[in-house]
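All remarks here apply to the structure that follows.
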Amino acid sequence: MARAVMSEIKKDHIHKLLAKGRRVDNRAWDEFRPITIQPGYIETAEGSARVKVGNTDVLVGVKMTIGEPFADTPNKGVLSTNAELIPMASPNFESGPPDENSIELARVVDRGIRESQMVDLEALCIEPEKEVWIMFTDMYVLDYDGNLFDAAFLGAIAALNNTMVPAKANDRGDDYPLPIRHMPISVTAVQIENSILVDPTLDEEKVAEARLTVTTDENGDLRAMQKGLAGAFTLDQIYKCVETSQRLGNDLRKLIG
Amino acid sequence: MARAVMSEIKKDHIHKLLAKGRRVDNRAWDEFRPITIQPGYIETAEGSARVKVGNTDVLVGVKMTIGEPFADTPNKGVLSTNAELIPMASPNFESGPPDENSIELARVVDRGIRESQMVDLEALCIEPEKEVWIMFTDMYVLDYDGNLFDAAFLGAIAALNNTMVPAKANDRGDDYPLPIRHMPISVTAVQIENSILVDPTLDEEKVAEARLTVTTDENGDLRAMQKGLAGAFTLDQIYKCVETSQRLGNDLRKLIG
Amino acid sequence: MARAVMSEIKKDHIHKLLAKGRRVDNRAWDEFRPITIQPGYIETAEGSARVKVGNTDVLVGVKMTIGEPFADTPNKGVLSTNAELIPMASPNFESGPPDENSIELARVVDRGIRESQMVDLEALCIEPEKEVWIMFTDMYVLDYDGNLFDAAFLGAIAALNNTMVPAKANDRGDDYPLPIRHMPISVTAVQIENSILVDPTLDEEKVAEARLTVTTDENGDLRAMQKGLAGAFTLDQIYKCVETSQRLGNDLRKLIG
Amino acid sequence: MGGNSNVKLISDDGIRIDGRKVDELRPIRIEAGVLKRADGSAYVEFGKNKVLAAVYGPRECHPRHMQNPAKAIIQCKYNMIAFSVNDRKRPGPDRRSVEISKIISEAFEYVVFTENFPRTSIDVYIEVLQANAGTRCAGLTAASVALADAGIPMRDLVPSVAVGKVNDQVVLDLQKEEDNFGQADLPIAMIPRTGEILLMQMDGHMTRAEFDRALELGVGACKRIYDLQKDALARRYSVEKTDEEQPDEGAPADAQEG
Amino acid sequence: MGGNSNVKLISDDGIRIDGRKVDELRPIRIEAGVLKRADGSAYVEFGKNKVLAAVYGPRECHPRHMQNPAKAIIQCKYNMIAFSVNDRKRPGPDRRSVEISKIISEAFEYVVFTENFPRTSIDVYIEVLQANAGTRCAGLTAASVALADAGIPMRDLVPSVAVGKVNDQVVLDLQKEEDNFGQADLPIAMIPRTGEILLMQMDGHMTRAEFDRALELGVGACKRIYDLQKDALARRYSVEKTDEEQPDEGAPADAQEG
Amino acid sequence: MGGNSNVKLISDDGIRIDGRKVDELRPIRIEAGVLKRADGSAYVEFGKNKVLAAVYGPRECHPRHMQNPAKAIIQCKYNMIAFSVNDRKRPGPDRRSVEISKIISEAFEYVVFTENFPRTSIDVYIEVLQANAGTRCAGLTAASVALADAGIPMRDLVPSVAVGKVNDQVVLDLQKEEDNFGQADLPIAMIPRTGEILLMQMDGHMTRAEFDRALELGVGACKRIYDLQKDALARRYSVEKTDEEQPDEGAPADAQEG
């Protein structure tokens, strides 16, 4: 995903509006685009959700199989998170193995799930050192109009929230819902000429100097952060992003079951 | 294998002859080129055959090892078919992992063997769910002058017909011939300006609009089909190809031991 | 590593000096550049050494894990040797999987260790057919100024000489030094306009017509050879290289603990 | 094809396990223009199959050595997403999807007026979101609508369906269990206007009579699917007219008709 | 982050297992100009971390389609060598190193005056020879010195350090055991002259107050590392003057100052 | 090299397990011009080794950045087919074949008059159909004949053979068991006209005296193989004259002589 070039006219337009405190689609700086979440969209998955944030469209599915735990965590299930920026979603996405953009996306979502201890991985142990549940979370971007990080993360937590452990089909007792302990939410903002804008569209991303994703939990505690793009943030801007994430996170959390 | 460009003169020549009902090498429309089959060509293989159809030269070998069955077919041997269009065979073949042409070739031959139930895969089970014979059929194209599908398929069935299961070397009793149940034969035809030509040469393939491979068994029943190239067939042309395959298949079958 | 182009002036300079029996850095034809060896350079490795031969800088590390022996050597440890020509070391090295140059380097060093029976591989068997020590020798070229073969080989034998088998951390008794039986040394020479030059610099390699690496043991016996580059050697030149390797090998052997 | 005809998949009354008759299609849903970024797109359901298709192009062809100075090249990529099947599928092309991509590309090369767009590439992406047998046919059907949605001129739309043999009977549009335990599978695609067959594969075991019957069933079903394709494009076009007030922009309709 | 706060890593006196206080850096050693072939290079130790960085460029950018007609592109490759960690790491990039390479490349894109060198590539190679937590920060610190050593003009040097949370306390510059059993990790890099944050990642669990404290600790430590970077370049420069008698060749010093 | 000298491979009368004396070659068969599409080709048997070689070129060199404006590049690919050995070999290059391809390419770079064909590539493909030790030498021998068959001007043909040490004796042209249980292996290739050594590798254990004896044996054997190469080309040429009535087309003969 080479950052696509955008016309100077469009760029100027964004900048001029911003100077007046406005965005192209008339949103407030801290306002998300309309969000729709369709949980359980795919029957062949143990859990799934299709999430649209504006025109950005992401399909997330969770599959679970039985496998061996890692040697250093013998009593914990295994989490594997993958993102596919398929060429269907954008003229700038290419076929092939995950590139640095999809790897960064997958890893940021993965840490947001893993380090927040969202899923009780110990409850996914069947027999210590022998058998645990392996949980594959696959995120497919179907239509790309900016802010993949939040759309994908929303999709992932909605899909996980919706996942039934397929114990019965594997002769391991009755199915049960994935044990969810926390509900972290990520909120991404970009900086454009010292303005902070939440949930950037693709056009805004193209103009943006720096990006910051802040993931917070239901207590407002920080669970993950990722700064991106080539620019820098002042400390004040970072604090502003953190506070915005805490505030908007609470609203977004209500959208999940 | 980008379809190589051919001179307009050569093309015209083929077209003009066809208009008079003739082929460049004077064959009838339903006539194969001379075929030679050398079974047992390679000592290090469990079965092998070198097959020439005109100048097209294919070497097929079968290797067998002991392995685990697939979970959904616990009492059946495993079949693995691979085709290598090595750069030795044509200036248009390139080194590297199998491309779409070799994959299509391998899969069409594989289905011709597998779906026709040519080999009794249950007889290749050693112990259900534990141990079965894995059968690798590797097809190498050494010299390419058209109609790979039929040359490779003839090579494959000749090699299989010639294969001894290496039980002794694996401490599993005495060697025995691979249990063959059916003898499917594929016959490929192309369409050029509404003419149907069997066993196309490379030059004829370059001019051809569409290709149809029809595989029939000793009863004349259909076992596999594959349409290729960018053109289309009328229903009548398809029926003609099927009948030709049934008729010529009987002749070709006699060439195999 | 496309052989980099070098200026005609530099080339002429080397040739003219050679005609007077001299080298650019005033060494004798059979003289090595200054050599420094830092054994035990890396704590996370079971054995390691950083070796400089002139400006050529190589870091070698040995890691050992427990694994299964090969079926045909059930009572022997397993040796795996890998060379990385990382782009840090030269503007002509590229990122990516090992190319033919690093593969040749790794294989020549590997044979020098393996075929010389330098390490007693039988002493690395824990339980025949079940468990043996797998020994990974990784060679990283950090700075490239010619004669990688000898620098890497020196690094490898210095690192092996310095390796403790990590038995304790693997619950297999007490740690013990890797059992070393022989101390082979490689000496590489190039031919430039019928002159033989030992330990070529990068500039000399660029001008060289042919390269010969001869590995001898403490008895002066031959343990490995590899001819490289596009030129040829007369029989007399080969004998000269062999004798030089025997003679200089004894000096270099003293540098290893 | 398991070839196992012991599993009873058709009742004595000729009713299949999902309630269909042997010559009945699954419920089919087709929608055109479902994605924003793509130049054309379509969503198709054949029973429990859910398939998306997107088209980009004609656009500059990369890598350059693949350009054809006389016409556009069609590059179709068929893919099943990881959780579209019961056992997770590793992302990335496998041999099956490479073959399917190739034959679908070849099929569209014939119907698209590629000579109108020399040196370009028309890229068709088919993503199987949920699979239940017959995905290549559903995908081809979707891709054809997506091409029309992208305004790319074609000889005709291309409907596609699989016919098969189950419990010794020829049946239309196999679903998953029928595919797993059936005796033969015959996917076809056709050009309705001329009746020509554009794609045909077959494996399993069919007598000549069964094959003739299967082909007949398939051709008839393709015509019904063709109507649904045209309906979807008509709906898409009328929506566009209403939404965007562009009564003159006739590309999708044109494409659909010729 | 194991998140296991049961392992006692800080004594009741506030002393960590390697003897440091919570706000204390590990011993840091920085040397510039340590390789001959590279255009610029640096060696850095943060405690037991041993990291080499090399810079090539500005040079012709391959492949050509990655060239930017307006400026240089920065291509940073972070890599851990096979025996830099306890369990041998297979050579070649893994997902972690791809991500780290990306964010380090982005950080340098901002500080290097890339517009001075259109169409070129500036290639930065970071090799972790021995790892003990905090390698990306040590690598960034080294790479920044190597860029200066190569005479590439930059806004500022970039110091980097990780702050973390261990046994419910905010601690500076985690070493390996603290990283394995800690509760949060927050690597940052900054531009000392402006106080801006150039790189920031965080995972684990921190309250807002802990985060503020961590950021404060990190910013302070970066300033100390900045001084060490400048010292290393000054030493390198004075050595060069003595050795090579080139009093006018001021590139490293220039780079260091602006 | 198993290095196991306990396995008795030479009888007390000096006879090897396949009946040969220590200084005796296996039966060698060489045929030129065995493939239709290739510009030149050859088939070689050394005992149970069966090797095909094909040459394409001089032809345009891809990728372009590998072109040499002053001469042709030689790209040789040595490959063992999957069923050429007892345990099936996965298709695709392994490290062994990469090394062998490199050293064979280098050898031919010296003998081919590459400066006659600037910017082109001469591609040599060696396929080992059945392997029984000594395949690189059989392959080189075959490739050399294929180059001549392609009419490519060379300094000389290149014969190649391996010498080894078995049961403490120096023996010529090791077959499989001798290679598996032998003590040393020394493949060489030479330029008969000048007596120069073009390829040499050695592994195992040889005293200096053994090495000298091995080299002597190998050089002698190469001369015998050289005669067989010339015979094969002469037969090929006379056949061509008879078959195709082209008495003037002397390329293969020319190539053979210089």
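All residue names refer to the structure tokens as shown: chains lettered A, B, ... in order, residues numbered from 1 in each chain, ligands numbered from 1 in order.
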Exercise for review: From the DSSP assignment of the backbone, select every residue of segment 24-210 of chain F that is strand (DSSP E or B), and format the answer as a ChimeraX atom specification.
Suggested key: /F:28-32,40-46,49-60,68,71,73-80,112,120-130,154,160-166,169-172,184-191,196-206
Selection to disk with C-alpha atoms, as an mmCIF file, in the first residue's frame:
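Once written, part_30.cif looks like this:
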```
data_model
loop_
_atom_site.group_PDB
_atom_site.id
_atom_site.type_symbol
_atom_site.label_atom_id
_atom_site.label_comp_id
_atom_site.auth_asym_id
_atom_site.auth_seq_id
_atom_site.Cartn_x
_atom_site.Cartn_y
_atom_site.Cartn_z
ATOM 1 C CA ILE F 28 29.482 -44.212 -20.602
ATOM 2 C CA ARG F 29 26.937 -43.379 -23.277
ATOM 3 C CA ILE F 30 26.658 -39.956 -24.846
ATOM 4 C CA GLU F 31 24.108 -38.801 -27.416
ATOM 5 C CA ALA F 32 23.824 -35.328 -28.871
ATOM 6 C CA GLY F 40 21.071 -27.914 -28.262
ATOM 7 C CA SER F 41 20.760 -31.041 -26.155
ATOM 8 C CA ALA F 42 22.523 -34.166 -25.004
ATOM 9 C CA TYR F 43 21.803 -37.343 -23.094
ATOM 10 C CA VAL F 44 24.487 -38.960 -20.969
ATOM 11 C CA GLU F 45 24.696 -42.184 -18.990
ATOM 12 C CA PHE F 46 27.538 -42.811 -16.543
ATOM 13 C CA ASN F 49 23.171 -42.158 -14.008
ATOM 14 C CA LYS F 50 20.791 -40.849 -16.640
ATOM 15 C CA VAL F 51 21.173 -37.161 -17.370
ATOM 16 C CA LEU F 52 19.628 -34.827 -19.936
ATOM 17 C CA ALA F 53 21.053 -31.415 -20.789
ATOM 18 C CA ALA F 54 19.429 -28.717 -22.894
ATOM 19 C CA VAL F 55 20.708 -25.344 -24.050
ATOM 20 C CA TYR F 56 18.707 -22.285 -25.052
ATOM 21 C CA GLY F 57 20.456 -19.234 -26.406
ATOM 22 C CA PRO F 58 22.197 -16.991 -26.849
ATOM 23 C CA ARG F 59 18.849 -15.267 -26.219
ATOM 24 C CA GLU F 60 17.608 -12.063 -24.655
ATOM 25 C CA ASN F 68 26.241 -7.766 -19.202
ATOM 26 C CA LYS F 71 29.336 -10.523 -22.910
ATOM 27 C CA ILE F 73 25.992 -14.614 -19.113
ATOM 28 C CA ILE F 74 25.799 -18.354 -18.558
ATOM 29 C CA GLN F 75 22.910 -19.484 -16.406
ATOM 30 C CA CYS F 76 23.102 -23.145 -15.595
ATOM 31 C CA LYS F 77 20.437 -24.938 -13.595
ATOM 32 C CA TYR F 78 21.255 -28.381 -12.309
ATOM 33 C CA ASN F 79 18.250 -30.284 -11.012
ATOM 34 C CA MET F 80 17.418 -33.787 -9.804
ATOM 35 C CA VAL F 112 32.320 -20.272 -23.891
ATOM 36 C CA THR F 120 22.439 -12.220 -23.995
ATOM 37 C CA SER F 121 21.914 -15.206 -21.780
ATOM 38 C CA ILE F 122 22.972 -18.747 -22.575
ATOM 39 C CA ASP F 123 20.764 -21.008 -20.482
ATOM 40 C CA VAL F 124 21.862 -24.519 -19.683
ATOM 41 C CA TYR F 125 19.444 -26.952 -18.065
ATOM 42 C CA ILE F 126 20.699 -30.191 -16.575
ATOM 43 C CA GLU F 127 18.071 -32.668 -15.428
ATOM 44 C CA VAL F 128 19.182 -35.756 -13.560
ATOM 45 C CA LEU F 129 16.596 -38.395 -14.454
ATOM 46 C CA GLN F 130 18.216 -41.218 -12.495
ATOM 47 C CA MET F 154 33.786 -22.728 -27.052
ATOM 48 C CA SER F 160 34.282 -34.222 -16.007
ATOM 49 C CA VAL F 161 34.639 -37.111 -13.614
ATOM 50 C CA ALA F 162 34.912 -37.774 -9.878
ATOM 51 C CA VAL F 163 37.740 -39.597 -8.200
ATOM 52 C CA GLY F 164 37.458 -40.827 -4.649
ATOM 53 C CA LYS F 165 38.892 -42.850 -1.854
ATOM 54 C CA VAL F 166 37.314 -46.127 -0.805
ATOM 55 C CA GLN F 169 42.365 -46.863 -2.007
ATOM 56 C CA VAL F 170 42.078 -44.158 -4.617
ATOM 57 C CA VAL F 171 39.368 -45.165 -7.088
ATOM 58 C CA LEU F 172 37.923 -43.648 -10.232
ATOM 59 C CA ALA F 184 36.784 -38.920 0.020
ATOM 60 C CA ASP F 185 35.256 -37.488 -3.134
ATOM 61 C CA LEU F 186 37.055 -35.272 -5.647
ATOM 62 C CA PRO F 187 35.005 -34.190 -8.666
ATOM 63 C CA ILE F 188 36.990 -32.410 -11.354
ATOM 64 C CA ALA F 189 36.392 -30.970 -14.792
ATOM 65 C CA MET F 190 39.107 -29.965 -17.170
ATOM 66 C CA ILE F 191 39.998 -28.337 -20.465
ATOM 67 C CA GLU F 196 43.795 -26.848 -16.946
ATOM 68 C CA ILE F 197 41.409 -27.688 -14.121
ATOM 69 C CA LEU F 198 38.093 -25.894 -14.492
ATOM 70 C CA LEU F 199 36.168 -27.357 -11.599
ATOM 71 C CA MET F 200 37.457 -28.968 -8.445
ATOM 72 C CA GLN F 201 35.821 -29.782 -5.163
ATOM 73 C CA MET F 202 36.939 -32.172 -2.519
ATOM 74 C CA ASP F 203 35.656 -33.451 0.739
ATOM 75 C CA GLY F 204 36.594 -36.275 3.036
ATOM 76 C CA HIS F 205 40.154 -37.164 3.946
ATOM 77 C CA MET F 206 43.142 -37.652 1.658
#
```
Review point. Which residues, written as a ChimeraX atom specification, have at least one atom at most 10 Å from Asn75 of chain A, with only C-alpha atoms counted and residues fewer than 4 positions away on the same chain left out?
Key: /A:68-71,121-132
Just write the chosen residues, N, CA and C atoms, as an mmCIF file, in the first residue's frame.
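Below is the file that was written, out32.cif:
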```cif
data_model
loop_
_atom_site.group_PDB
_atom_site.id
_atom_site.type_symbol
_atom_site.label_atom_id
_atom_site.label_comp_id
_atom_site.auth_asym_id
_atom_site.auth_seq_id
_atom_site.Cartn_x
_atom_site.Cartn_y
_atom_site.Cartn_z
ATOM 1 N N GLU A 68 -1.556 -27.827 20.360
ATOM 2 C CA GLU A 68 -0.658 -27.813 21.516
ATOM 3 C C GLU A 68 -0.399 -26.384 21.995
ATOM 4 N N PRO A 69 -0.265 -26.206 23.311
ATOM 5 C CA PRO A 69 0.077 -24.864 23.821
ATOM 6 C C PRO A 69 1.544 -24.551 23.544
ATOM 7 N N PHE A 70 1.912 -23.275 23.647
ATOM 8 C CA PHE A 70 3.327 -22.920 23.597
ATOM 9 C C PHE A 70 4.003 -23.436 24.869
ATOM 10 N N ALA A 71 5.275 -23.764 24.746
ATOM 11 C CA ALA A 71 5.995 -24.352 25.874
ATOM 12 C C ALA A 71 5.992 -23.425 27.087
ATOM 13 N N LEU A 121 -7.546 -16.646 28.449
ATOM 14 C CA LEU A 121 -6.861 -17.706 27.707
ATOM 15 C C LEU A 121 -6.704 -18.974 28.535
ATOM 16 N N GLU A 122 -6.706 -18.821 29.857
ATOM 17 C CA GLU A 122 -6.579 -20.030 30.685
ATOM 18 C C GLU A 122 -7.820 -20.908 30.579
ATOM 19 N N ALA A 123 -8.960 -20.263 30.336
ATOM 20 C CA ALA A 123 -10.193 -21.048 30.171
ATOM 21 C C ALA A 123 -10.198 -21.798 28.847
ATOM 22 N N LEU A 124 -9.207 -21.530 27.999
ATOM 23 C CA LEU A 124 -9.121 -22.237 26.715
ATOM 24 C C LEU A 124 -8.111 -23.388 26.758
ATOM 25 N N CYS A 125 -7.669 -23.696 27.976
ATOM 26 C CA CYS A 125 -6.793 -24.847 28.142
ATOM 27 C C CYS A 125 -7.664 -26.083 28.334
ATOM 28 N N ILE A 126 -7.398 -27.125 27.593
ATOM 29 C CA ILE A 126 -8.148 -28.376 27.760
ATOM 30 C C ILE A 126 -7.374 -29.287 28.710
ATOM 31 N N GLU A 127 -6.112 -29.517 28.369
ATOM 32 C CA GLU A 127 -5.247 -30.274 29.273
ATOM 33 C C GLU A 127 -3.874 -29.625 29.236
ATOM 34 N N PRO A 128 -3.395 -29.161 30.384
ATOM 35 C CA PRO A 128 -2.137 -28.406 30.388
ATOM 36 C C PRO A 128 -1.010 -29.166 29.679
ATOM 37 N N GLU A 129 -0.225 -28.420 28.923
ATOM 38 C CA GLU A 129 0.922 -28.947 28.169
ATOM 39 C C GLU A 129 0.522 -29.829 26.992
ATOM 40 N N LYS A 130 -0.733 -30.251 26.942
ATOM 41 C CA LYS A 130 -1.143 -31.186 25.885
ATOM 42 C C LYS A 130 -2.059 -30.525 24.857
ATOM 43 N N GLU A 131 -3.208 -30.091 25.357
ATOM 44 C CA GLU A 131 -4.242 -29.643 24.443
ATOM 45 C C GLU A 131 -4.833 -28.307 24.885
ATOM 46 N N VAL A 132 -4.847 -27.383 23.948
ATOM 47 C CA VAL A 132 -5.540 -26.121 24.218
ATOM 48 C C VAL A 132 -6.298 -25.737 22.952
#
```
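Here atom CA of Leu197 of chain A and atom CA of Pro184 of chain A stand 20.6 Å from one another.
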Review point. Would you list which chain C residues are within 10 Å of chain F using only C-alpha atoms, as a ChimeraX atom specification?
Key: /C:2,73,98-108,111-117,209-210,212-217,219-239,242-243,246
Check your understanding: What residues in segment 60-108 of chain C get the DSSP label helix (DSSP H, G or I)? Please answer as a PyMOL selection string.
Key -> chain C and resi 87-89+100-108
**Study point:** Neighbours of chain F in chain E at 12 Å, counting only C-alpha atoms, as a PyMOL selection string
**Key:** chain E and resi 62-64
Keeping only C-alpha atoms, take the residues you just selected and write them out as a compact mmCIF listing (two decimals), in the first residue's frame.
```
# COMPACT_ATOMS: atom_id res chain seq x y z
CA HIS E 62 15.59 -0.03 -6.34
CA PRO E 63 13.08 -1.11 -7.41
CA ARG E 64 12.49 1.99 -9.46
```
Gly155 of chain B surroundings by only C-alpha atoms, 12 Å radius, close-in-sequence under 6 positions cut, as a PDB file with C-alpha atoms, in the first residue's frame:
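Saved result, part-v1.pdb, follows:
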```
ATOM      1  CA  ILE B  35       2.895 -42.648 -29.782  1.00  0.00           C
ATOM      2  CA  THR B  36       5.707 -44.493 -28.017  1.00  0.00           C
ATOM      3  CA  ILE B  37       5.544 -45.661 -24.424  1.00  0.00           C
ATOM      4  CA  GLN B  38       8.600 -46.873 -22.492  1.00  0.00           C
ATOM      5  CA  PRO B  39       7.355 -48.347 -19.208  1.00  0.00           C
ATOM      6  CA  GLY B  40       9.814 -48.825 -16.340  1.00  0.00           C
ATOM      7  CA  TYR B  41      12.192 -46.204 -17.721  1.00  0.00           C
ATOM      8  CA  GLY B  47       6.795 -47.149 -11.431  1.00  0.00           C
ATOM      9  CA  SER B  48       7.599 -44.993 -14.424  1.00  0.00           C
ATOM     10  CA  ALA B  49       7.021 -44.394 -18.093  1.00  0.00           C
ATOM     11  CA  ARG B  50       8.424 -42.158 -20.756  1.00  0.00           C
ATOM     12  CA  VAL B  51       5.798 -41.264 -23.317  1.00  0.00           C
ATOM     13  CA  LYS B  52       6.203 -39.518 -26.632  1.00  0.00           C
ATOM     14  CA  VAL B  53       3.242 -38.222 -28.582  1.00  0.00           C
ATOM     15  CA  THR B  56       5.981 -34.096 -27.078  1.00  0.00           C
ATOM     16  CA  ASP B  57       8.031 -36.011 -24.528  1.00  0.00           C
ATOM     17  CA  VAL B  58       6.900 -36.655 -20.969  1.00  0.00           C
ATOM     18  CA  LEU B  59       8.552 -38.642 -18.189  1.00  0.00           C
ATOM     19  CA  VAL B  60       6.337 -39.813 -15.328  1.00  0.00           C
ATOM     20  CA  GLY B  61       7.472 -41.487 -12.138  1.00  0.00           C
ATOM     21  CA  VAL B  62       5.636 -42.882  -9.153  1.00  0.00           C
ATOM     22  CA  ALA B  83       3.442 -31.613 -12.997  1.00  0.00           C
ATOM     23  CA  VAL B 109      -4.596 -35.609 -14.501  1.00  0.00           C
ATOM     24  CA  ILE B 113      -7.016 -40.800 -11.852  1.00  0.00           C
ATOM     25  CA  THR B 137       2.983 -39.154  -9.272  1.00  0.00           C
ATOM     26  CA  ASP B 138       5.431 -36.653 -10.747  1.00  0.00           C
ATOM     27  CA  MET B 139       5.139 -35.699 -14.393  1.00  0.00           C
ATOM     28  CA  TYR B 140       8.061 -33.978 -16.105  1.00  0.00           C
ATOM     29  CA  VAL B 141       7.614 -32.439 -19.509  1.00  0.00           C
ATOM     30  CA  LEU B 148       0.376 -32.070 -22.814  1.00  0.00           C
ATOM     31  CA  PHE B 149      -2.869 -33.218 -21.252  1.00  0.00           C
ATOM     32  CA  ASN B 161       0.121 -49.659 -14.384  1.00  0.00           C
ATOM     33  CA  ASN B 162       3.769 -50.471 -13.924  1.00  0.00           C
ATOM     34  CA  ILE B 185      -8.026 -42.481 -21.208  1.00  0.00           C
ATOM     35  CA  SER B 186      -8.142 -38.786 -21.979  1.00  0.00           C
ATOM     36  CA  LEU B 252      -5.148 -45.816 -26.911  1.00  0.00           C
ATOM     37  CA  ARG B 253      -6.038 -48.148 -24.065  1.00  0.00           C
ATOM     38  CA  LEU B 255      -1.106 -49.243 -25.891  1.00  0.00           C
ATOM     39  CA  ILE B 256      -0.944 -49.654 -22.122  1.00  0.00           C
TER      40      ILE B 256
END
```
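With atom CA of Tyr144 of chain B on one side and atom CA of Ser90 of chain B on the other, the separation reads 5.9 Å.
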Using only C-alpha atoms, which protein or nucleic acid residues come within 9 Å of Glu177 of chain D? Drop anything in the same chain fewer than 3 positions from it, and give the result as a compact mmCIF listing (two decimals) with all heavy atoms, in the first residue's frame.
```txt
# COMPACT_ATOMS: atom_id res chain seq x y z
N LEU D 9 -29.41 -39.29 -0.16
CA LEU D 9 -29.53 -37.84 -0.24
C LEU D 9 -30.79 -37.40 -0.96
O LEU D 9 -31.11 -36.22 -0.99
CB LEU D 9 -28.30 -37.27 -0.97
CG LEU D 9 -26.97 -37.44 -0.20
CD1 LEU D 9 -25.79 -37.23 -1.12
CD2 LEU D 9 -26.92 -36.48 0.98
N ILE D 17 -32.29 -33.33 0.49
CA ILE D 17 -32.26 -33.08 1.94
C ILE D 17 -32.58 -31.64 2.30
O ILE D 17 -32.98 -31.35 3.42
CB ILE D 17 -30.91 -33.51 2.58
CG1 ILE D 17 -29.74 -32.86 1.85
CG2 ILE D 17 -30.77 -35.00 2.61
CD1 ILE D 17 -28.40 -33.11 2.53
N ASN D 132 -20.59 -23.35 0.23
CA ASN D 132 -21.49 -24.49 0.41
C ASN D 132 -21.68 -25.26 -0.90
O ASN D 132 -22.80 -25.63 -1.25
CB ASN D 132 -22.84 -24.00 0.96
CG ASN D 132 -23.64 -25.15 1.56
OD1 ASN D 132 -24.34 -25.85 0.83
ND2 ASN D 132 -23.51 -25.37 2.84
N ALA D 133 -20.56 -25.47 -1.62
CA ALA D 133 -20.55 -26.19 -2.91
C ALA D 133 -21.10 -25.31 -4.02
O ALA D 133 -22.11 -24.64 -3.87
CB ALA D 133 -21.33 -27.50 -2.86
N LEU D 174 -25.74 -28.73 -6.90
CA LEU D 174 -25.42 -29.50 -5.69
C LEU D 174 -25.11 -28.59 -4.51
O LEU D 174 -24.37 -27.61 -4.66
CB LEU D 174 -24.19 -30.37 -5.93
CG LEU D 174 -24.21 -31.34 -7.11
CD1 LEU D 174 -23.00 -32.27 -7.03
CD2 LEU D 174 -25.49 -32.13 -7.14
N ASN D 180 -20.24 -33.60 -1.34
CA ASN D 180 -19.35 -34.50 -0.60
C ASN D 180 -19.60 -35.97 -0.92
O ASN D 180 -18.68 -36.76 -1.00
CB ASN D 180 -19.51 -34.29 0.91
CG ASN D 180 -18.88 -32.99 1.36
OD1 ASN D 180 -18.15 -32.35 0.61
ND2 ASN D 180 -19.19 -32.59 2.59
N PHE D 181 -20.88 -36.32 -1.02
CA PHE D 181 -21.19 -37.73 -1.16
C PHE D 181 -21.74 -38.08 -2.54
O PHE D 181 -22.28 -39.17 -2.74
CB PHE D 181 -22.19 -38.16 -0.07
CG PHE D 181 -21.65 -37.96 1.31
CD1 PHE D 181 -22.08 -36.90 2.10
CD2 PHE D 181 -20.68 -38.81 1.81
CE1 PHE D 181 -21.57 -36.70 3.36
CE2 PHE D 181 -20.16 -38.62 3.08
CZ PHE D 181 -20.60 -37.55 3.87
N GLY D 182 -21.62 -37.14 -3.47
CA GLY D 182 -22.17 -37.37 -4.80
C GLY D 182 -21.27 -38.23 -5.66
O GLY D 182 -20.18 -38.63 -5.26
```
Check your understanding: Gln229 of chain F: which residues within 8 Å, counting only C-alpha atoms, same-chain residues fewer than 5 positions away excluded, as a list in words?
Key ->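 In the requested format, the answer is Ile30, Thr141, Val145, Leu157 and Pro159 of chain F.
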